[in-house]
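K.L.:
Below: one structure in structure tokens.
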Amino acid sequence: MIALEGLTKTFRTSDGAVEALKNVSLTVNDGDIYGIIGMSGAGKSTLVRCINLLERPTEGTVRIDGQDLCTLSEAELRKVRREVSMIFQSFNLLAQRTCLKNICFPLELIGVKKKDAEARARELLELVGLPDKADAYPAQLSGGQKQRIAIARALATDPKVLLCDEATSALDPKTTHDILSLLRDLHNKLGLTILLITHQMSVVEEICTRVAILDNGTVAEEGPVEAVFSAPKSDAAKRLVFPDGYEELPESDGPERRIRIVFRGVATANAPLIASMAKEEGILANILAASIKSISGKEYGSMVIEVADESELKRALAYLSDKPEIIAEEVRIHA
Amino acid sequence: MPNLAFEPLSETWRIVSNEFPFALWETLYATVLATAMSIVLGMPLGVLLVAGEEDGILPLPKWLMQVLNVVINILRSVPFIILMVLVIPLTRLIVGKAYGTMASVVPLVIAAFPFIARLVESSLREVDPNLIEMARSMGATPFQIITKVMLRESVPSLISNLTIAITTILGYTAMSGAVGGGGLGKLAITYGYNRYMNGVMAAAVILLVVLVQLFQMIGTKSAIRNDKRQR
């Protein structure tokens, strides 16, 4: 379990002090896939670096399984860092080493014998689906392949926690999806706790169980993904859920009967969802906002619809919830 | 008025064949020994210049960094020909005499190690800081970061820069001929400059040019061969 309490980080710059984090408290439970989302400059990178103490918080505590990291010596911290590994937006592979040797790197640091390290590295190459890239150099790989190698390297020391710093931000949508699937597999197979920071809603929607919205150095909102995204309370959350502006959504006269539909990779063939709902259930929905993209024949994104009355709302929710890879939630924005 | 006359070719050949093999050996010997010793002194210093900075991986006191920088700059700014004379007492102390090939190695090293420190510094600065952060995030010690990330990742650049160093040192060995150092430079000066045997001087210069070409070629080739960044 990762528990952050009252975390504050102040940077001294030539223009004076900049508060990157202000009194941030969060708890990530074992086995969570926890997303921290925010616009650039919200303090995400600083926050994730405070968890393994690459950045030392100015105030507050970082506890992993009850142990306060801020009180540890550098040598003790190095041990903790084997349990809490990290992947990066720019992959950070060592360009002068082969993939196999890159994966061996963290093992080399703790003095694992070369033969054992290479055997472990080969297992990991298998695990991330690149068994034939052992002798390739990073320059010969695509972005997605590089991130797979970086993931294999991060897993070499059998960590309990994987920190992902914008790990998919340099990748195209299809590759992003592949990497997220891999992360989810690893989470299931290895019981890994994953904490990922991102500015992409789609990433959080696709794999996270809980989410915290970071805005201007503070946690604006926190909770299970469905709860936060279906009823965003803070302005920061609303801005993320409805990037085109939630103010743009027309005000309804009476109570809001709105549903937010999240497409988590729906086969395009099943996509005329609203039309089929009209045909099969006789519910005529009004589309208020939609942002859908198609990635290799599957639909990702979200849509907000409005229906006529309470009973239609219930039936629509029931109908939509039955569909595979679709999440439907009632939305209360103006409430 | 320079003397442009050439001695008879047979005379040139006699001197070249009698004296050049040993002079070549002395030049190579002084160059390689001085380069090796300069690397031994300059490489750790170059590492300190980068790692010891305030936000480096092994921060050193600010005053110490300033002293290091000033000392390096002073040594770098003294002309080599003057440095050779200035360090004569030190040379005597170390080698026991102030002339000869072995003695020329002392000023060569003193001139070259700050130069190499700067070259190493510039190579290490090219290393992506994200890689250092990655290594820290995996629990690498500062020493491991220096050896396994900073130095290892900059090998191609280090080879290129050390090639610059060895060719510069080769040039310096020739200069040391003026104050008693051995080698091709000494031949060029004693026969060419002092005895107007321009043929011998030309032959010595040509041989030096060939040596520089050779070192540069080997250095460039191996820098490229050792670089895995592009395929």
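Following the order of the structure tokens, first chain is A, next is B, and so on, with residues numbered from 1 inside each chain and ligands from 1 in the order they appear.
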Excluding Asp30 (chain A) and its own-chain neighbours fewer than 5 positions away, which residues fall within 8 Å of it when counting only C-alpha atoms? Please give them as a ChimeraX atom specification.
P.N.:
/A:1-2,192-193
K.L.:
So that I can check the surroundings of region 107-109 of chain B, please list as a PyMOL selection string every protein, DNA and RNA residue that reaches within 8 Å of it, counting only C-alpha atoms and ignoring chain neighbours fewer than 5 positions away.
P.N.:
chain B and resi 34-35+37-38+80+83-84+87+91+169+172-173
K.L.:
Mind checking which residues fall within 12 Å of Ile224 (chain B), counting only C-alpha atoms, ignoring those fewer than 6 positions away in the same chain, and posting them as a compact mmCIF listing (two decimals) with all heavy atoms, in the first residue's frame?
P.N.:
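Now in around_29.txt:
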```txt
# COMPACT_ATOMS: atom_id res chain seq x y z
N GLN A 96 23.44 2.02 -25.85
CA GLN A 96 24.63 1.24 -26.21
C GLN A 96 24.55 -0.21 -25.75
O GLN A 96 25.53 -0.95 -25.83
CB GLN A 96 25.89 1.90 -25.64
CG GLN A 96 26.05 3.36 -25.98
CD GLN A 96 26.25 3.62 -27.46
OE1 GLN A 96 26.43 2.71 -28.25
NE2 GLN A 96 26.22 4.88 -27.84
N VAL B 155 30.64 6.13 -24.70
CA VAL B 155 31.84 5.53 -25.32
C VAL B 155 32.15 6.08 -26.72
O VAL B 155 33.28 6.47 -26.98
CB VAL B 155 31.75 3.99 -25.31
CG1 VAL B 155 32.71 3.36 -26.29
CG2 VAL B 155 32.04 3.47 -23.90
N PRO B 156 31.17 6.14 -27.63
CA PRO B 156 31.52 6.65 -28.97
C PRO B 156 32.08 8.08 -28.91
O PRO B 156 33.07 8.40 -29.56
CB PRO B 156 30.19 6.63 -29.73
CG PRO B 156 29.34 5.67 -28.98
CD PRO B 156 29.76 5.75 -27.55
N SER B 157 31.44 8.91 -28.09
CA SER B 157 31.90 10.29 -27.97
C SER B 157 33.27 10.35 -27.28
O SER B 157 34.13 11.15 -27.67
CB SER B 157 30.85 11.07 -27.17
OG SER B 157 31.35 12.30 -26.78
N LEU B 158 33.48 9.49 -26.30
CA LEU B 158 34.79 9.45 -25.63
C LEU B 158 35.88 9.04 -26.62
O LEU B 158 36.97 9.62 -26.63
CB LEU B 158 34.76 8.47 -24.45
CG LEU B 158 34.04 8.95 -23.19
CD1 LEU B 158 33.90 7.81 -22.18
CD2 LEU B 158 34.78 10.11 -22.55
N ILE B 159 35.58 8.05 -27.46
CA ILE B 159 36.58 7.62 -28.44
C ILE B 159 36.92 8.78 -29.38
O ILE B 159 38.08 9.06 -29.65
CB ILE B 159 36.09 6.39 -29.25
CG1 ILE B 159 35.99 5.17 -28.32
CG2 ILE B 159 37.05 6.07 -30.40
CD1 ILE B 159 35.40 3.94 -28.98
N SER B 160 35.88 9.48 -29.87
CA SER B 160 36.13 10.63 -30.76
C SER B 160 37.00 11.66 -30.07
O SER B 160 37.96 12.18 -30.64
CB SER B 160 34.82 11.31 -31.14
OG SER B 160 34.04 10.45 -31.90
N MET B 217 41.95 8.17 -38.38
CA MET B 217 41.15 7.19 -39.10
C MET B 217 40.71 6.07 -38.16
O MET B 217 39.54 5.69 -38.14
CB MET B 217 41.97 6.63 -40.26
CG MET B 217 41.15 6.01 -41.35
SD MET B 217 42.23 5.39 -42.66
CE MET B 217 43.01 4.02 -41.83
N ILE B 218 41.67 5.56 -37.40
CA ILE B 218 41.34 4.47 -36.48
C ILE B 218 40.30 4.95 -35.45
O ILE B 218 39.33 4.26 -35.18
CB ILE B 218 42.62 3.97 -35.75
CG1 ILE B 218 43.56 3.31 -36.76
CG2 ILE B 218 42.24 2.97 -34.64
CD1 ILE B 218 44.95 3.02 -36.20
N GLN B 230 22.52 4.37 -34.11
CA GLN B 230 21.88 4.36 -35.42
C GLN B 230 22.16 3.05 -36.12
O GLN B 230 23.23 2.48 -36.00
CB GLN B 230 22.38 5.51 -36.29
CG GLN B 230 21.52 6.73 -36.16
CD GLN B 230 22.29 7.86 -35.55
OE1 GLN B 230 23.44 8.07 -35.86
NE2 GLN B 230 21.65 8.60 -34.66
N ARG B 231 21.17 2.59 -36.83
CA ARG B 231 21.33 1.34 -37.56
C ARG B 231 20.79 1.50 -38.95
O ARG B 231 19.70 1.99 -39.09
CB ARG B 231 20.58 0.22 -36.86
CG ARG B 231 21.31 -0.29 -35.66
CD ARG B 231 22.31 -1.30 -36.12
NE ARG B 231 23.49 -1.26 -35.23
CZ ARG B 231 24.27 -2.31 -35.02
NH1 ARG B 231 24.05 -3.44 -35.60
NH2 ARG B 231 25.30 -2.20 -34.25
```
K.L.:
Chain A near chain B within 6 Å: what's each residue's closest atom pair and its distance in Å to one decimal, counting only C-alpha atoms, ordered by chain then ascending residue number, as a Markdown table?
P.N.:
```
| residue | atom | partner | partner_atom | distance |
| --- | --- | --- | --- | --- |
| A:Arg78 | CA | B:Gly139 | CA | 4.1 |
| A:Arg81 | CA | B:Gly139 | CA | 5.3 |
| A:Arg82 | CA | B:Met138 | CA | 5.8 |
| A:Asn92 | CA | B:Leu131 | CA | 5.4 |
| A:Ala95 | CA | B:Arg229 | CA | 5.7 |
| A:Gln96 | CA | B:Lys228 | CA | 5.3 |
| A:Ala139 | CA | B:Arg229 | CA | 5.4 |
```
K.L.:
Would you mind listing what lies within 12 Å of Pro59 (chain B) as an mmCIF file with N, CA, C and O atoms, in the first residue's frame, with only C-alpha atoms counted and same-chain residues fewer than 5 positions away left out?
P.N.:
```
data_model
loop_
_atom_site.group_PDB
_atom_site.id
_atom_site.type_symbol
_atom_site.label_atom_id
_atom_site.label_comp_id
_atom_site.auth_asym_id
_atom_site.auth_seq_id
_atom_site.Cartn_x
_atom_site.Cartn_y
_atom_site.Cartn_z
ATOM 1 N N VAL B 47 35.115 13.298 -14.917
ATOM 2 C CA VAL B 47 33.922 12.741 -14.269
ATOM 3 C C VAL B 47 33.508 13.633 -13.101
ATOM 4 O O VAL B 47 32.332 13.974 -12.954
ATOM 5 N N LEU B 48 34.494 14.055 -12.304
ATOM 6 C CA LEU B 48 34.187 14.921 -11.158
ATOM 7 C C LEU B 48 33.565 16.247 -11.596
ATOM 8 O O LEU B 48 32.669 16.762 -10.932
ATOM 9 N N LEU B 49 34.054 16.761 -12.724
ATOM 10 C CA LEU B 49 33.533 18.042 -13.201
ATOM 11 C C LEU B 49 32.035 17.973 -13.471
ATOM 12 O O LEU B 49 31.315 18.946 -13.313
ATOM 13 N N VAL B 50 31.575 16.793 -13.899
ATOM 14 C CA VAL B 50 30.144 16.635 -14.188
ATOM 15 C C VAL B 50 29.386 16.139 -12.956
ATOM 16 O O VAL B 50 28.383 16.721 -12.557
ATOM 17 N N ALA B 51 29.909 15.080 -12.346
ATOM 18 C CA ALA B 51 29.192 14.462 -11.222
ATOM 19 C C ALA B 51 29.202 15.352 -9.986
ATOM 20 O O ALA B 51 28.290 15.303 -9.164
ATOM 21 N N GLY B 52 30.226 16.184 -9.856
ATOM 22 C CA GLY B 52 30.376 16.974 -8.633
ATOM 23 C C GLY B 52 29.572 18.252 -8.613
ATOM 24 O O GLY B 52 29.580 18.973 -7.624
ATOM 25 N N GLU B 53 28.888 18.534 -9.711
ATOM 26 C CA GLU B 53 28.102 19.766 -9.749
ATOM 27 C C GLU B 53 26.968 19.739 -8.738
ATOM 28 O O GLU B 53 26.583 18.684 -8.240
ATOM 29 N N GLU B 54 26.415 20.916 -8.480
ATOM 30 C CA GLU B 54 25.385 21.048 -7.457
ATOM 31 C C GLU B 54 24.237 20.058 -7.660
ATOM 32 O O GLU B 54 23.778 19.418 -6.726
ATOM 33 N N LEU B 64 35.345 23.661 -3.945
ATOM 34 C CA LEU B 64 36.234 22.663 -4.534
ATOM 35 C C LEU B 64 36.063 22.629 -6.054
ATOM 36 O O LEU B 64 37.040 22.569 -6.810
ATOM 37 N N MET B 65 34.794 22.701 -6.503
ATOM 38 C CA MET B 65 34.533 22.714 -7.937
ATOM 39 C C MET B 65 35.161 23.943 -8.584
ATOM 40 O O MET B 65 35.707 23.877 -9.686
ATOM 41 N N PRO B 142 25.835 5.999 -6.981
ATOM 42 C CA PRO B 142 26.503 6.995 -7.825
ATOM 43 C C PRO B 142 27.635 6.378 -8.645
ATOM 44 O O PRO B 142 27.784 6.693 -9.834
#
```
K.L.:
Can you tell me which residues surround region 23-33 of chain B at a distance of at most 9 Å, considering only C-alpha atoms, apart from same-chain residues fewer than 6 positions away, and format the answer as a list of chain:residue names?
P.N.:
B:Thr101, B:Met102, B:Ser104, B:Val105, B:Leu108, B:Val109, B:Ile166, B:Thr167, B:Ile169, B:Leu170, B:Gly171, B:Tyr172, B:Thr173, B:Ala174, B:Gly182, B:Gly183, B:Leu184, B:Gly185, B:Lys186, B:Leu187, B:Leu207, B:Leu208
K.L.:
Report as a list of chain:residue names all protein, DNA and RNA residues lying within 12 Å of Ser234 (chain A), evaluated on only C-alpha atoms, omitting residues in the same chain fewer than 4 positions from it.
P.N.:
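Those residues are A:Ala212, A:Ile213, A:Leu214, A:Asp215, A:Thr218, A:Val219, A:Ala220, A:Glu221, A:Glu222, A:Val228, A:Phe229, A:Lys238, A:Arg239, A:Leu240, A:Val241, A:Tyr246, A:Ile333, A:His334.
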K.L.:
If we count only C-alpha atoms and set the cut-off at 9 Å, which residues sit around Ile189 (chain B), ignoring sequence neighbours fewer than 4 positions away in its own chain? Please answer as a ChimeraX atom specification.
P.N.:
/B:177-178,184-185,193-195,201
K.L.:
State, in Å with one decimal place, the distance from CA of Gly199 (chain B) to CA of Ala103 (chain B).
P.N.:
27.9 Å
